[in-house]
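Colleague: Have a look at the structure that comes next, please.
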There are 2 protein chains.
Amino acid sequence: MGLVVQKYGGSSVADAEGIKRVAKRIVEAKKNGHQVVVVVSAMGDTTDELIDLAEQVSPMPAGREFDMLLTAGERISMALLAMAIKNLGHEAQSFTGSQAGVITDSVHNKARIIDVTPGRIRTALDEGNIAIVAGFQGVSQDKKDITTLGRGGSDTTAVALAAALNAEVCEIYTDVDGVFTADPRVVKKARKIDWISSEDMLELAASGSKVLLHRCVEYARRYDIPIHVRSSFSGLPGTWVSNEKPEKPESQGDQQVEHAIISGVAHDVSEAKITVVGVPDKPGEAAVIFRAIADAEINIDMIVQNVSAASTGLTDISFTLPKSEGRKAIDALEKAKGGIGFESLRYDDQIGKISLVGAGMKTNPGVTASFFQALSDAGVNIELISTSEIRISVVTRQDDVPGAVRAVHSAFGLDSDSDEAVVYGGTGR
Amino acid sequence: MGLVVQKYGGSSVADAEGIKRVAKRIVEAKKNGHQVVVVVSAMGDTTDELIDLAEQVSPMPAGREFDMLLTAGERISMALLAMAIKNLGHEAQSFTGSQAGVITDSVHNKARIIDVTPGRIRTALDEGNIAIVAGFQGVSQDKKDITTLGRGGSDTTAVALAAALNAEVCEIYTDVDGVFTADPRVVKKARKIDWISSEDMLELAASGSKVLLHRCVEYARRYDIPIHVRSSFSGLPGTWVSNEKPEKPESQGDQQVEHAIISGVAHDVSEAKITVVGVPDKPGEAAVIFRAIADAEINIDMIVQNVSAASTGLTDISFTLPKSEGRKAIDALEKAKGGIGFESLRYDDQIGKISLVGAGMKTNPGVTASFFQALSDAGVNIELISTSEIRISVVTRQDDVPGAVRAVHSAFGLDSDSDEAVVYGGTGR
């Protein structure tokens with residue numbers, strides 16, 4: 001029995017009852033002979049309450065102090081969790097990100113992990129303790145200031161510790177049963193995925209699946225740490241995410257190997273589309289536009305350039321980006337208008353994106369054809385298309401998204417009552 | 001203009017409005033040319049709420065984790081305070097006890113400060129920052145664990161930092177205007193004391209005055225740090241506590257020098273009395289009794305041994321102690337009964353203590369006489385008496401305490417509308 005890292009999100013430790021329930025689960029793993037490291041988020045709405053307080057005293061809370069404030073949330077949950085475990089008769093010690101050796105850069109509110117030096121965690125484990133670590137936080141390498149890791153930070157803490165401690169698995173406990181073939185709130189027949197490759201999970205995360213964030217999967221993939229996403233409420237097995245499919249006796253007999261070619265359907269309604277209208281069709285124009293966007297530190301997603309109309313020598317360039325960045329992007333482009341020379345800007349936040357993710361898609365033309373056929377049958381108009389080795393995404397009207405997701409999910413035999421999965425290609429992977 | 005340490009208690013920073021008010025006061029000091037270090041407690045009821053949470057998950061929260069939990073409170077208040085100051089256009093940085101260099105022993109929940117190494121605070125000040133430090137907490141020297149300092153811990157943090165940074169003054173901001181000649185809730189005519197010696201303040205604190213705790217005054221006395229206790233609400237000058245009376249032009253002309261012989265009247269209703277009845281009157285008996293009490297780690301206050309009745313060879317020994325320790329003391333004595341050989345134990349928690357504090361009392365017999373006369377005139381029966389160089393205390397029925405305090409306060413001319421203070425002795429001090 002090796003070392004297990006477990007991560008519990010805020011909804012799992014929302015109150016004293018939740019903390020006691022989680023404590024029992026942790027003790028269970030310890031009793032099974034594992035060394036256990038637990039990464040915990042702040043309780044329920046604590047972080048939101050702290051943000052609210054900050055906004056009351058200052059309209060623009062400063063990075064360093066804001067991080068100092070927010071990290072109080074995990075400090076509370078981790079100490080309570082350690083107490084609850086001790087109350088069950090097992091030894092536990094809690095550690096801040098700094099104490100656990102989570103070293104970051106100095107970018108407050110969204111720091112990146114530079115190194116993990118878990119000497120104190122190792123010692124605590126060797127002395128028979130369960131180690132509880134505050135998620136979402138670290139200490140900056142140069143200034144020794146407290147930092148927070150931004151969105152998905154606790155998952156990333158868990159994976160980073162799992163890598164540094166050479167853990168068998170990083171278990172991410174959440175309030176859903178795992179990763180599904182589509183969002184169960186949209187597709188009632190969505191199925192839980194038993195195993196998904198890191199690559200496919202990365203594409204799903206990038207395409208709008210919210211169970212695991214891209215950053216945490218990327219970290220796990222790089223250090224080859226298997227992730228097990230599961231519910232802290234049900235106790236059922238969840239979804240395994242790993243670079244190589246685990247060789248388990250029980251999964252050898254079925255058709256999973258070929259069936260797995262399509263992992264799932266993701267959707268995202270958090271993006272907007274900006275169209276730069278009437279751009280002179282000459283070399284370097286796109287570079288100027290996207291330099292202006294990059295300088296404003298805006299991440300964009302899909303980009304499409306229309307074929308130039310020969311009569312005018314002008315073209316349109318469209319791209320998608322998070323709605324929250326829309327205002328900033330428009331401002332940046334207006335400011336750069338002189339250097340670019342476009343006619344006008346169009347902003348559209350009523351779009352949605354549907355993505356189909358699966359290995360070997362590119363080499364199986366039938367997948368793309370079936371995808372478009374399903375959308376066409378559902379009466380969905382396609383506005384933009386983007387593809388990768390293992391993903392195809394389209395942008396549609398936002399209102400069309402639920403119907404489009406259900407149509408694609410069904411067309412690819414992913415519905416839970418489907419007798420037979422539709423398999424493309426040969427042996428799969 | 002030198003360095004000032006200011007300490008704000010939980011009631012001063014109870015909500016966002018309080019934090020903004022305190023921030024303005026801090027900026028004021030900075031504008032006046034001081035380097036400013038601020039020690040802050042947790043907001044309002046935060047600590048009680050955290051204790052409540054801890055009790056929900058564990059009936060006996062463990063020391064290390066309990067300290068980790070409680071320190072979240074100051075983390076929140078100090079970060080918010082730094083933000084509020086920055087919002088006023090001044091630079092501020094917050095520091096945990098550990099970051100501020102508050103090194104303690106490893107006794108969780110009531111750690112003692114061993115050393116203060118405020119290198120980061122000094123750097124922050126030299127860079128023009130206001131430094132905000134979490135009160136009540138430190139880091140243990142051997143294990144590098146987070147510790148808390150127990151009751152009055154934030155005041156002690158402030159004085160310790162003032163000593164380590166060689167501050168001009170340690171300002172303790174609270175919700176009252178200073179130290180009074182008696183508790184204003186009991187004595188309406190109580191007067192604010194402008195200056196009191198450290199020795200007298202120590203006696204007042206030991207006798208039940210709650211404005212400053214004994215521990216913090218003791219620390220300030222040892223390192224010769226003047227304390228200025230004042231209100232964070234009114235902004236008025238409060239009470240100075242120092243080893244030597246400050247030479248201020250405005251206080252030279254008045255009668256303060258002689259007047260000051262009596263500092264004030266303190267009372268305490270938090271103690272109980274235990275009487276050990278029928279103790280053999282032979283050498284070593286008292287030692288056995290108080291060894292049993294000390295082994296149970298109980299601090300006692302007053303001790304009185306009755307004159308032995310010649311006929312029986314037995315005597316009674318009475319002592320007072322905090323009510324909260326009563327049960328433990330009775331158990332310890334019952335267990336030691338065989339070795340001591342007393343007849344019975346009497347426990348009385350309906351007592352109160354009244355103390356008169358002032359310099360030169362011992363050499364002015366008139367003080368003691370007037371004290372007893374005042375009590376007698378008020379019809380108060382005295383049960384125990386104890387004296388020191390600068391204090392005389394009596395134990396009475398608890399119900400008699402308010403009347404006794406008012407009588408003594410009036411008899412010594414301390415009432416605010418008193419034309420003339422009653423002065424004993426010569427030049428005073």
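The way I read the labels, and the way they are meant: chains A, B, ... in the order of the structure tokens, residue 1 as the first residue of every chain, and ligand 1 as the first ligand shown, with later ones counted on from there.
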Can you give me chain B superposed onto chain A, least-squares on all Cα in order, written as a compact mmCIF listing (two decimals) with C-alpha atoms, in the first residue's frame?
Modeller:
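Listed below is the output, selection.txt:
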```
# COMPACT_ATOMS: atom_id res chain seq x y z
CA MET B 1 0.14 0.00 -0.06
CA GLY B 2 1.55 3.30 -1.07
CA LEU B 3 0.87 6.94 -0.59
CA VAL B 4 -2.47 8.48 -1.54
CA VAL B 5 -3.22 12.19 -1.93
CA GLN B 6 -6.90 13.06 -1.45
CA LYS B 7 -8.38 16.45 -2.23
CA TYR B 8 -11.72 17.64 -0.85
CA GLY B 9 -13.48 20.68 -2.26
CA GLY B 10 -15.43 23.32 -0.38
CA SER B 11 -18.81 21.63 -0.90
CA SER B 12 -17.50 18.44 0.76
CA VAL B 13 -16.49 20.34 3.92
CA ALA B 14 -19.27 22.93 3.95
CA ASP B 15 -20.14 22.46 7.64
CA ALA B 16 -19.16 20.52 10.75
CA GLU B 17 -21.16 17.49 9.56
CA GLY B 18 -19.35 17.51 6.22
CA ILE B 19 -15.99 17.71 7.95
CA LYS B 20 -16.83 14.73 10.15
CA ARG B 21 -18.03 12.73 7.13
CA VAL B 22 -14.82 13.49 5.23
CA ALA B 23 -12.73 12.63 8.30
CA LYS B 24 -14.28 9.14 8.35
CA ARG B 25 -13.44 8.62 4.68
CA ILE B 26 -9.83 9.70 5.27
CA VAL B 27 -9.46 7.36 8.25
CA GLU B 28 -10.81 4.57 6.04
CA ALA B 29 -7.93 5.05 3.60
CA LYS B 30 -5.46 5.09 6.46
CA LYS B 31 -6.93 1.88 7.86
CA ASN B 32 -6.52 0.28 4.44
CA GLY B 33 -2.78 0.70 4.92
CA HIS B 34 -2.12 3.85 2.92
CA GLN B 35 -0.08 6.84 3.90
CA VAL B 36 -2.57 9.65 3.43
CA VAL B 37 -2.03 13.29 2.48
CA VAL B 38 -5.20 15.39 2.32
CA VAL B 39 -5.55 18.70 0.49
CA VAL B 40 -8.57 20.71 1.55
CA SER B 41 -10.33 23.81 0.25
CA ALA B 42 -12.07 26.48 2.33
CA MET B 43 -15.46 25.55 3.80
CA GLY B 44 -18.46 26.20 1.55
CA ASP B 45 -18.93 29.92 1.03
CA THR B 46 -16.06 31.07 3.24
CA THR B 47 -14.00 32.43 0.35
CA ASP B 48 -16.97 34.38 -1.04
CA GLU B 49 -17.63 35.85 2.40
CA LEU B 50 -14.01 36.94 2.72
CA ILE B 51 -14.09 38.53 -0.74
CA ASP B 52 -17.25 40.35 0.29
CA LEU B 53 -15.54 41.70 3.42
CA ALA B 54 -12.57 42.83 1.34
CA GLU B 55 -14.82 44.73 -1.04
CA GLN B 56 -16.43 46.48 1.92
CA VAL B 57 -13.12 47.94 3.08
CA SER B 58 -11.51 48.54 -0.30
CA PRO B 59 -12.89 48.69 -3.84
CA MET B 60 -9.62 47.36 -5.29
CA PRO B 61 -8.11 44.96 -2.75
CA ALA B 62 -4.36 44.66 -3.22
CA GLY B 63 -2.79 41.36 -4.27
CA ARG B 64 -0.55 40.56 -1.32
CA GLU B 65 -3.14 41.41 1.32
CA PHE B 66 -5.95 39.78 -0.63
CA ASP B 67 -3.98 36.52 -0.66
CA MET B 68 -3.27 36.83 3.07
CA LEU B 69 -7.00 37.23 3.62
CA LEU B 70 -8.20 34.38 1.42
CA THR B 71 -5.77 31.85 2.86
CA ALA B 72 -7.56 32.18 6.21
CA GLY B 73 -10.31 30.03 4.68
CA GLU B 74 -8.21 26.88 4.23
CA ARG B 75 -6.55 27.47 7.58
CA ILE B 76 -9.94 27.06 9.23
CA SER B 77 -11.02 23.97 7.26
CA MET B 78 -7.70 22.15 7.58
CA ALA B 79 -7.44 22.69 11.33
CA LEU B 80 -11.01 21.50 11.86
CA LEU B 81 -10.41 18.47 9.66
CA ALA B 82 -7.29 17.53 11.63
CA MET B 83 -9.27 17.85 14.87
CA ALA B 84 -12.08 15.68 13.51
CA ILE B 85 -9.58 12.97 12.51
CA LYS B 86 -7.88 13.05 15.90
CA ASN B 87 -11.30 12.70 17.44
CA LEU B 88 -11.61 9.39 15.56
CA GLY B 89 -8.46 8.20 17.27
CA HIS B 90 -5.94 8.80 14.48
CA GLU B 91 -3.01 11.17 14.41
CA ALA B 92 -3.26 14.16 12.08
CA GLN B 93 -1.36 17.39 11.57
CA SER B 94 -2.36 20.32 9.41
CA PHE B 95 0.06 22.37 7.32
CA THR B 96 -0.27 25.67 5.48
CA GLY B 97 0.88 25.80 1.88
CA SER B 98 4.07 27.41 3.09
CA GLN B 99 4.70 24.73 5.73
CA ALA B 100 3.98 22.02 3.14
CA GLY B 101 6.69 23.47 0.90
CA VAL B 102 4.52 24.77 -1.92
CA ILE B 103 6.87 27.33 -3.44
CA THR B 104 5.40 29.72 -6.02
CA ASP B 105 6.28 32.77 -8.07
CA SER B 106 5.21 36.20 -6.77
CA VAL B 107 2.15 36.76 -8.95
CA HIS B 108 -0.46 37.32 -6.24
CA ASN B 109 -3.97 35.90 -6.74
CA LYS B 110 -2.80 33.58 -9.54
CA ALA B 111 0.62 32.33 -8.56
CA ARG B 112 2.24 29.38 -10.34
CA ILE B 113 3.93 26.57 -8.47
CA ILE B 114 7.71 26.61 -9.00
CA ASP B 115 8.70 23.82 -6.67
CA VAL B 116 7.34 21.57 -3.95
CA THR B 117 9.61 20.67 -1.02
CA PRO B 118 7.41 18.55 1.23
CA GLY B 119 10.00 17.74 3.93
CA ARG B 120 7.62 18.43 6.81
CA ILE B 121 4.87 16.38 5.18
CA ARG B 122 7.23 13.45 4.73
CA THR B 123 8.28 13.64 8.37
CA ALA B 124 4.68 13.84 9.55
CA LEU B 125 3.80 10.76 7.45
CA ASP B 126 6.80 8.81 8.68
CA GLU B 127 5.69 9.54 12.25
CA GLY B 128 2.34 7.92 11.48
CA ASN B 129 0.32 11.09 10.94
CA ILE B 130 -2.28 11.86 8.36
CA ALA B 131 -1.09 15.14 6.82
CA ILE B 132 -3.70 17.80 6.07
CA VAL B 133 -2.54 20.52 3.68
CA ALA B 134 -4.22 23.82 2.84
CA GLY B 135 -5.10 23.90 -0.85
CA PHE B 136 -4.90 26.91 -3.14
CA GLN B 137 -1.93 28.54 -1.39
CA GLY B 138 1.82 28.73 -1.31
CA VAL B 139 4.71 30.99 -0.39
CA SER B 140 6.63 33.10 -2.88
CA GLN B 141 10.22 32.07 -3.53
CA ASP B 142 11.75 35.51 -3.44
CA LYS B 143 9.78 37.52 -0.89
CA LYS B 144 8.44 34.71 1.32
CA ASP B 145 4.97 36.22 0.99
CA ILE B 146 1.78 34.16 1.11
CA THR B 147 0.34 33.59 -2.38
CA THR B 148 -2.80 31.98 -3.78
CA LEU B 149 -2.93 29.86 -6.90
CA GLY B 150 -6.15 31.17 -8.43
CA ARG B 151 -8.94 29.11 -9.95
CA GLY B 152 -8.59 25.36 -9.51
CA GLY B 153 -5.71 26.01 -7.15
CA SER B 154 -6.58 23.28 -4.66
CA ASP B 155 -6.70 20.59 -7.35
CA THR B 156 -3.31 21.79 -8.55
CA THR B 157 -1.92 21.69 -5.00
CA ALA B 158 -3.08 18.09 -4.70
CA VAL B 159 -1.52 16.99 -7.98
CA ALA B 160 1.71 18.88 -7.23
CA LEU B 161 2.03 17.21 -3.83
CA ALA B 162 1.20 13.82 -5.36
CA ALA B 163 4.04 14.35 -7.84
CA ALA B 164 6.52 15.55 -5.21
CA LEU B 165 5.66 12.67 -2.86
CA ASN B 166 5.54 10.10 -5.67
CA ALA B 167 1.96 9.15 -4.79
CA GLU B 168 0.13 6.14 -6.25
CA VAL B 169 -2.87 8.26 -7.08
CA CYS B 170 -4.35 11.71 -6.57
CA GLU B 171 -8.00 11.37 -5.59
CA ILE B 172 -10.08 14.48 -6.29
CA TYR B 173 -13.26 14.31 -4.20
CA THR B 174 -16.09 16.51 -5.39
CA ASP B 175 -19.88 16.71 -5.37
CA VAL B 176 -20.40 14.77 -8.63
CA ASP B 177 -19.69 11.11 -9.36
CA GLY B 178 -16.92 11.73 -11.88
CA VAL B 179 -16.41 12.96 -15.43
CA PHE B 180 -19.43 12.39 -17.69
CA THR B 181 -19.80 12.01 -21.44
CA ALA B 182 -21.69 15.34 -21.31
CA ASP B 183 -22.98 17.71 -18.65
CA PRO B 184 -25.71 15.63 -16.87
CA ARG B 185 -27.74 18.80 -16.32
CA VAL B 186 -28.09 19.12 -20.09
CA VAL B 187 -27.99 15.49 -21.17
CA LYS B 188 -30.01 13.28 -18.82
CA LYS B 189 -28.61 10.15 -20.45
CA ALA B 190 -24.98 11.19 -19.97
CA ARG B 191 -22.78 8.36 -18.72
CA LYS B 192 -20.00 8.43 -16.16
CA ILE B 193 -16.66 7.73 -17.85
CA ASP B 194 -14.62 5.02 -16.08
CA TRP B 195 -11.32 5.96 -17.64
CA ILE B 196 -10.23 8.80 -19.87
CA SER B 197 -6.78 9.62 -21.22
CA SER B 198 -5.05 12.75 -19.98
CA GLU B 199 -5.08 14.15 -23.53
CA ASP B 200 -8.83 13.74 -23.94
CA MET B 201 -9.41 15.15 -20.46
CA LEU B 202 -7.31 18.19 -21.38
CA GLU B 203 -9.49 18.78 -24.43
CA LEU B 204 -12.70 18.33 -22.44
CA ALA B 205 -11.45 20.78 -19.80
CA ALA B 206 -10.46 23.27 -22.48
CA SER B 207 -13.86 22.85 -24.09
CA GLY B 208 -15.97 23.68 -21.07
CA SER B 209 -16.07 20.60 -18.82
CA LYS B 210 -15.79 21.96 -15.30
CA VAL B 211 -15.07 18.87 -13.22
CA LEU B 212 -11.31 19.16 -13.57
CA LEU B 213 -9.44 22.24 -14.66
CA HIS B 214 -6.98 22.19 -17.52
CA ARG B 215 -4.12 23.31 -15.31
CA CYS B 216 -4.40 20.42 -12.87
CA VAL B 217 -4.72 17.80 -15.64
CA GLU B 218 -1.72 19.28 -17.44
CA TYR B 219 0.36 19.03 -14.24
CA ALA B 220 -0.73 15.43 -13.68
CA ARG B 221 0.03 14.51 -17.29
CA ARG B 222 3.52 15.98 -17.12
CA TYR B 223 4.39 14.09 -13.91
CA ASP B 224 2.40 10.97 -14.88
CA ILE B 225 0.16 11.05 -11.78
CA PRO B 226 -3.13 9.13 -12.15
CA ILE B 227 -6.13 11.19 -11.02
CA HIS B 228 -9.26 9.57 -9.63
CA VAL B 229 -12.20 12.01 -9.67
CA ARG B 230 -15.00 10.82 -7.41
CA SER B 231 -17.81 11.85 -5.11
CA SER B 232 -17.18 12.48 -1.42
CA PHE B 233 -20.86 11.78 -0.83
CA SER B 234 -21.55 8.49 -2.62
CA GLY B 235 -18.29 6.61 -2.11
CA LEU B 236 -18.67 5.03 -5.58
CA PRO B 237 -15.70 4.61 -7.94
CA GLY B 238 -15.43 7.65 -10.18
CA THR B 239 -13.39 8.49 -13.26
CA TRP B 240 -9.71 7.65 -13.67
CA VAL B 241 -7.62 10.11 -15.67
CA SER B 242 -4.16 8.91 -16.64
CA ASN B 243 -1.62 8.82 -19.45
CA GLU B 244 -1.87 5.06 -19.90
CA LYS B 245 -5.01 3.03 -19.43
CA PRO B 246 -4.61 1.04 -16.22
CA GLU B 247 -4.44 -2.71 -16.76
CA LYS B 248 -7.25 -3.90 -14.59
CA PRO B 249 -8.60 -7.45 -14.88
CA GLU B 250 -12.21 -6.30 -14.74
CA SER B 251 -11.89 -4.00 -17.75
CA GLN B 252 -10.17 -6.47 -20.05
CA GLY B 253 -13.21 -8.39 -21.14
CA ASP B 254 -15.46 -5.62 -22.33
CA GLN B 255 -15.51 -3.45 -25.40
CA GLN B 256 -14.00 -0.41 -23.71
CA VAL B 257 -10.85 -0.43 -25.82
CA GLU B 258 -12.66 0.33 -29.06
CA HIS B 259 -15.65 2.01 -27.52
CA ALA B 260 -13.49 4.63 -25.92
CA ILE B 261 -12.68 6.47 -29.14
CA ILE B 262 -15.24 9.15 -28.32
CA SER B 263 -14.77 10.39 -24.77
CA GLY B 264 -17.55 12.90 -24.57
CA VAL B 265 -19.30 16.08 -25.57
CA ALA B 266 -18.43 19.34 -23.83
CA HIS B 267 -20.09 22.70 -24.12
CA ASP B 268 -19.24 26.22 -23.06
CA VAL B 269 -21.47 29.29 -22.96
CA SER B 270 -18.97 31.56 -21.20
CA GLU B 271 -17.40 32.91 -24.37
CA ALA B 272 -18.14 35.80 -26.68
CA LYS B 273 -17.21 36.39 -30.30
CA ILE B 274 -15.53 39.50 -31.68
CA THR B 275 -15.48 40.09 -35.43
CA VAL B 276 -13.04 42.59 -36.89
CA VAL B 277 -14.79 43.74 -40.06
CA GLY B 278 -13.06 45.04 -43.16
CA VAL B 279 -9.43 44.20 -42.55
CA PRO B 280 -7.06 44.81 -45.51
CA ASP B 281 -6.13 41.37 -46.81
CA LYS B 282 -2.37 41.69 -46.72
CA PRO B 283 0.42 39.97 -44.81
CA GLY B 284 0.90 40.99 -41.17
CA GLU B 285 -2.61 42.30 -40.49
CA ALA B 286 -3.61 39.34 -38.29
CA ALA B 287 -0.33 39.64 -36.42
CA VAL B 288 -1.04 43.27 -35.53
CA ILE B 289 -4.54 42.43 -34.35
CA PHE B 290 -3.48 39.55 -32.12
CA ARG B 291 -0.44 41.41 -30.81
CA ALA B 292 -2.83 44.10 -29.54
CA ILE B 293 -4.95 41.41 -27.87
CA ALA B 294 -1.94 39.64 -26.35
CA ASP B 295 -0.52 42.90 -25.01
CA ALA B 296 -3.78 43.34 -23.10
CA GLU B 297 -3.13 39.87 -21.55
CA ILE B 298 -6.27 38.37 -23.02
CA ASN B 299 -6.40 34.66 -23.83
CA ILE B 300 -8.36 33.90 -26.96
CA ASP B 301 -9.82 30.58 -28.05
CA MET B 302 -10.92 30.05 -31.66
CA ILE B 303 -9.82 32.17 -34.64
CA VAL B 304 -11.34 32.22 -38.13
CA GLN B 305 -10.39 34.38 -41.09
CA ASN B 306 -12.94 34.62 -43.89
CA VAL B 307 -11.95 34.24 -47.48
CA SER B 308 -11.23 37.68 -48.84
CA ALA B 309 -13.72 39.19 -51.23
CA ALA B 310 -11.69 39.82 -54.38
CA SER B 311 -13.63 42.95 -55.26
CA THR B 312 -12.70 44.87 -52.09
CA GLY B 313 -9.44 43.34 -50.95
CA LEU B 314 -10.93 43.29 -47.46
CA THR B 315 -11.57 40.38 -45.14
CA ASP B 316 -13.15 39.71 -41.72
CA ILE B 317 -11.40 38.08 -38.77
CA SER B 318 -13.44 36.52 -35.96
CA PHE B 319 -12.22 35.11 -32.67
CA THR B 320 -13.75 33.91 -29.41
CA LEU B 321 -12.69 34.84 -25.90
CA PRO B 322 -14.11 34.77 -22.35
CA LYS B 323 -17.03 37.16 -21.98
CA SER B 324 -15.30 38.68 -18.94
CA GLU B 325 -12.49 39.88 -21.22
CA GLY B 326 -14.81 41.36 -23.87
CA ARG B 327 -14.68 44.98 -22.78
CA LYS B 328 -10.87 44.91 -22.47
CA ALA B 329 -10.45 43.39 -25.94
CA ILE B 330 -12.71 45.94 -27.63
CA ASP B 331 -10.81 48.77 -25.94
CA ALA B 332 -7.45 47.32 -27.00
CA LEU B 333 -8.58 46.98 -30.63
CA GLU B 334 -10.09 50.47 -30.76
CA LYS B 335 -6.82 51.86 -29.47
CA ALA B 336 -4.87 49.95 -32.14
CA LYS B 337 -7.32 50.84 -34.90
CA GLY B 338 -4.93 53.29 -36.58
CA GLY B 339 -2.21 50.68 -36.95
CA ILE B 340 -4.57 47.95 -38.17
CA GLY B 341 -6.94 49.82 -40.42
CA PHE B 342 -10.22 47.84 -40.05
CA GLU B 343 -13.70 49.19 -40.73
CA SER B 344 -15.60 48.21 -37.59
CA LEU B 345 -15.88 45.79 -34.66
CA ARG B 346 -18.79 43.47 -33.90
CA TYR B 347 -19.28 42.00 -30.43
CA ASP B 348 -21.58 39.02 -29.88
CA ASP B 349 -22.03 37.39 -26.47
CA GLN B 350 -24.96 35.16 -27.45
CA ILE B 351 -22.79 32.33 -28.73
CA GLY B 352 -22.11 28.83 -27.44
CA LYS B 353 -19.51 26.20 -28.22
CA ILE B 354 -20.04 22.45 -28.62
CA SER B 355 -17.03 20.14 -28.71
CA LEU B 356 -16.67 16.44 -29.42
CA VAL B 357 -13.54 14.89 -27.90
CA GLY B 358 -12.00 11.55 -28.71
CA ALA B 359 -8.78 9.90 -29.75
CA GLY B 360 -7.99 9.15 -33.40
CA MET B 361 -10.68 11.50 -34.66
CA LYS B 362 -8.53 13.10 -37.33
CA THR B 363 -7.83 9.79 -39.00
CA ASN B 364 -11.53 8.86 -39.05
CA PRO B 365 -13.34 11.23 -41.38
CA GLY B 366 -16.62 9.58 -40.45
CA VAL B 367 -16.54 11.26 -37.08
CA THR B 368 -16.59 14.78 -38.49
CA ALA B 369 -19.31 13.90 -40.99
CA SER B 370 -21.53 12.34 -38.32
CA PHE B 371 -20.97 15.31 -36.08
CA PHE B 372 -22.15 17.81 -38.68
CA GLN B 373 -25.04 15.51 -39.66
CA ALA B 374 -26.25 15.37 -36.06
CA LEU B 375 -26.16 19.15 -35.80
CA SER B 376 -27.92 19.54 -39.09
CA ASP B 377 -30.64 17.07 -38.09
CA ALA B 378 -31.17 19.11 -34.93
CA GLY B 379 -31.52 22.26 -37.02
CA VAL B 380 -28.44 23.90 -35.55
CA ASN B 381 -26.62 26.50 -37.62
CA ILE B 382 -22.80 26.49 -37.41
CA GLU B 383 -20.94 29.80 -37.22
CA LEU B 384 -17.32 28.78 -36.61
CA ILE B 385 -15.44 25.50 -36.76
CA SER B 386 -12.16 24.53 -35.16
CA THR B 387 -10.44 21.16 -34.95
CA SER B 388 -7.48 19.50 -33.30
CA GLU B 389 -6.06 15.99 -33.39
CA ILE B 390 -8.66 14.74 -30.91
CA ARG B 391 -11.36 17.40 -30.87
CA ILE B 392 -13.83 19.15 -33.13
CA SER B 393 -15.61 22.29 -31.94
CA VAL B 394 -18.30 24.48 -33.42
CA VAL B 395 -19.74 27.81 -32.40
CA THR B 396 -23.54 28.19 -32.59
CA ARG B 397 -26.24 30.42 -31.17
CA GLN B 398 -26.29 30.04 -27.38
CA ASP B 399 -29.94 28.99 -27.41
CA ASP B 400 -29.10 26.05 -29.66
CA VAL B 401 -26.50 24.59 -27.30
CA PRO B 402 -28.61 22.19 -25.17
CA GLY B 403 -30.31 20.63 -28.21
CA ALA B 404 -27.01 20.38 -30.06
CA VAL B 405 -25.27 18.66 -27.16
CA ARG B 406 -28.10 16.12 -26.81
CA ALA B 407 -28.14 15.44 -30.53
CA VAL B 408 -24.41 14.82 -30.75
CA HIS B 409 -24.35 12.76 -27.57
CA SER B 410 -27.09 10.51 -28.93
CA ALA B 411 -25.63 10.27 -32.44
CA PHE B 412 -22.34 8.93 -31.08
CA GLY B 413 -24.05 6.25 -29.02
CA LEU B 414 -23.05 7.82 -25.72
CA ASP B 415 -26.55 7.73 -24.21
CA SER B 416 -26.71 5.48 -21.19
CA ASP B 417 -29.54 3.34 -22.60
CA SER B 418 -27.85 2.96 -25.98
CA ASP B 419 -27.50 -0.76 -26.80
CA GLU B 420 -24.40 -0.36 -28.81
CA ALA B 421 -21.78 2.30 -28.97
CA VAL B 422 -20.98 3.67 -32.37
CA VAL B 423 -17.34 2.88 -32.99
CA TYR B 424 -15.23 4.57 -35.61
CA GLY B 425 -11.85 3.42 -36.75
CA GLY B 426 -10.09 0.23 -35.90
CA THR B 427 -8.61 -0.78 -32.60
CA GLY B 428 -8.82 2.62 -31.06
CA ARG B 429 -5.92 3.10 -28.63
```
Colleague: List every residue of range 290-425 of chain B that DSSP, applied to the backbone of this structure, places in alpha helix (DSSP H), and write the result as a PyMOL selection string.
Modeller: chain B and resi 290-295+326-335+337-340+365-377+401-411
Colleague: What residues in range 25-219 of chain B get the DSSP label strand (DSSP E)? Please answer as a PyMOL selection string.
Modeller: chain B and resi 35-40+92-95+102-104+113-116+130-134+137-140+146-148+169-174+195-197
